[in-house]
Amino acid sequence: RIMNQKEESFEIFISKEDFKFNASHFVAYRGFRERLHGHSYHVSIRLHGKHINMSDGYLIDFSDVKKQVRLICKAFDEKFIVPKLSDVIKIRQTDTQLEMNCEDGAFFSLPIDDCIVLPIVHSTAEEIACCFWDLLVGKHTNRHNFKNFQNRGITVVEIGIVEGSGQSAIYKCPIFDQIPSSSSSSSSSSSSASPQAVAASAI
């Protein structure tokens with residue numbers, strides 16, 4: 001049939017058993033710091049588009065998206081999430097350790113290989129979802145995916161981060177007018193790297 005592109009739109013939703021990572025963190029801001037704890041995070045993705053590609057019938061091939069999501073989850077798995085842009089945590093790196101001095105006087109020293117330093121202010125599910133979005137489809141952090149999604153006519157990408165039963169955050173952003181997020185406002189060395197490099201990098 002002939003599709004009326006002015007009225008119709010499409011979306012795909014992907015949530016797989018292995019879209020997950022185990023990570024520890026604590027949220028800290030002025031006058032408050034959680035105790036260090038961990039979650040088994042689960043990730044979902046929803047893509048919106050105005051039309052499907054008539055040569056193959058897809059909005060986008062599921063397998064292309066699944067591969068990228070799994071790569072990012074693998075980089076996050078079994079790591080301590082360090083918010084690089086925190087205004088209440090002073091971060092210092094030695095040859096083997098990553099040290100954190102917190103506003104409340106707490107001190108942490110962890111092996112660098114056990115940490116993932118992300119360009120976020122707080123390690124909340126909301127900011128992790130935003131960072132995950134940037135790693136998946138950000139114009140500067142993953143140009144290949146950005147161009148692929150753009151060429152396929154995808155207009156909006158949503159990332160869901162579940163950190164517990166009945167407890168999740170969703171970050172939703174257009175592709176064509178990318179809203180600067182916490183991660184895209186970070187230093188150029190982080191924003192220009194690949195998803196794997198950004199996710200695995202220390203300060």
# chains A, B, ... in the order shown; residues from 1 in each chain; ligands from 1
call {"tool": "residues_around", "arguments": {"residues": "Asn151 of chain A", "least_positions_apart": "4", "cutoff": "10 Å", "atoms": "only C-alpha atoms", "output": "ChimeraX atom specification"}}
result
/A:53,60,145-147
call {"tool": "write_last_selection", "arguments": {"atoms": "N, CA and C atoms", "output": "mmCIF file, in the first residue's frame"}}
result
data_model
loop_
_atom_site.group_PDB
_atom_site.id
_atom_site.type_symbol
_atom_site.label_atom_id
_atom_site.label_comp_id
_atom_site.auth_asym_id
_atom_site.auth_seq_id
_atom_site.Cartn_x
_atom_site.Cartn_y
_atom_site.Cartn_z
ATOM 1 N N ASN A 53 12.524 2.503 5.520
ATOM 2 C CA ASN A 53 13.274 2.453 4.273
ATOM 3 C C ASN A 53 12.587 1.451 3.347
ATOM 4 N N ILE A 60 15.126 0.625 11.151
ATOM 5 C CA ILE A 60 16.553 0.310 11.240
ATOM 6 C C ILE A 60 16.656 -1.163 11.614
ATOM 7 N N ASN A 145 27.189 5.902 14.176
ATOM 8 C CA ASN A 145 25.786 5.654 14.507
ATOM 9 C C ASN A 145 24.921 6.881 14.224
ATOM 10 N N PHE A 146 25.453 8.065 14.552
ATOM 11 C CA PHE A 146 24.696 9.287 14.307
ATOM 12 C C PHE A 146 24.319 9.399 12.834
ATOM 13 N N LYS A 147 25.287 9.185 11.952
ATOM 14 C CA LYS A 147 25.017 9.293 10.520
ATOM 15 C C LYS A 147 24.077 8.187 10.050
#
call {"tool": "closest_atom_pairs", "arguments": {"of": "segment 113-175 of chain A", "to": "segment 61-80 of chain A", "cutoff": "8 Å", "atoms": "only C-alpha atoms", "output": "tab-separated table"}}
result
residue	atom	partner	partner_atom	distance
A:Asp114	CA	A:Lys79	CA	5.1
A:Cys115	CA	A:Phe80	CA	4.6
A:Ile116	CA	A:Lys79	CA	5.9
A:Phe132	CA	A:Ile72	CA	7.6
A:Leu135	CA	A:Ile72	CA	7.5
A:Leu136	CA	A:Gln68	CA	6.7
call {"tool": "residues_around", "arguments": {"residues": "Glu158 of chain A", "least_positions_apart": "2", "cutoff": "9 Å", "atoms": "only C-alpha atoms", "output": "PyMOL selection string"}}
result
chain A and resi 44-48+129+133+156+160+170-174
call {"tool": "select_by_dssp", "arguments": {"residues": "segment 32-148 of chain A", "states": "strand (DSSP E or B)", "output": "number ranges by chain"}}
result
A: 32-33, 37-49, 79-83, 89-93, 97-102, 107-111, 115-118
call {"tool": "write_last_selection", "arguments": {"atoms": "C-alpha atoms", "output": "short mmCIF file (atom, residue, chain, number, x, y, z; two decimals), in the first residue's frame"}}
result
data_model
loop_
_atom_site.label_atom_id
_atom_site.label_comp_id
_atom_site.auth_asym_id
_atom_site.auth_seq_id
_atom_site.Cartn_x
_atom_site.Cartn_y
_atom_site.Cartn_z
CA PHE A 32 24.48 15.00 50.80
CA ARG A 33 26.21 11.76 49.90
CA HIS A 37 26.12 0.63 46.82
CA GLY A 38 25.40 -1.18 43.57
CA HIS A 39 22.67 -1.98 41.08
CA SER A 40 21.98 -4.48 38.35
CA TYR A 41 21.09 -2.01 35.62
CA HIS A 42 18.95 -2.91 32.62
CA VAL A 43 18.86 -0.87 29.41
CA SER A 44 16.15 -0.37 26.84
CA ILE A 45 16.02 1.69 23.67
CA ARG A 46 13.16 3.16 21.67
CA LEU A 47 13.67 4.72 18.24
CA HIS A 48 11.16 6.98 16.51
CA GLY A 49 11.07 7.73 12.79
CA LYS A 79 32.71 -0.96 37.36
CA PHE A 80 32.45 1.81 39.91
CA ILE A 81 30.82 4.81 38.22
CA VAL A 82 32.84 7.98 38.77
CA PRO A 83 31.11 11.30 37.91
CA ILE A 89 34.12 15.10 44.63
CA LYS A 90 37.77 15.87 43.99
CA ILE A 91 39.22 13.19 41.75
CA ARG A 92 42.90 12.34 41.50
CA GLN A 93 44.60 9.62 39.52
CA GLN A 97 44.58 4.07 41.72
CA LEU A 98 41.74 6.53 41.35
CA GLU A 99 41.26 8.60 44.49
CA MET A 100 38.15 10.53 45.47
CA ASN A 101 37.91 13.11 48.23
CA CYS A 102 34.28 13.92 48.98
CA PHE A 107 37.89 9.19 50.97
CA PHE A 108 37.93 6.38 48.43
CA SER A 109 40.85 4.80 46.61
CA LEU A 110 40.02 2.22 43.97
CA PRO A 111 42.02 0.42 41.26
CA CYS A 115 36.38 2.35 37.61
CA ILE A 116 34.55 3.93 34.72
CA VAL A 117 34.90 7.69 34.62
CA LEU A 118 31.92 9.30 32.90
#
call {"tool": "closest_residue", "arguments": {"among": "A:Ile175, A:Ser55, A:Val88, A:Ile120", "to": "Gly105 of chain A", "atoms": "only C-alpha atoms"}}
result
A:Val88
call {"tool": "select_by_dssp", "arguments": {"residues": "segment 130-180 of chain A", "states": "helix (DSSP H, G or I)", "output": "number ranges by chain"}}
result
A: 130-137, 143-151
call {"tool": "closest_residue", "arguments": {"among": "A:Lys16, A:Tyr58, A:Glu11, A:Ile159", "to": "Glu127 of chain A", "atoms": "only C-alpha atoms"}}
result
A:Ile159
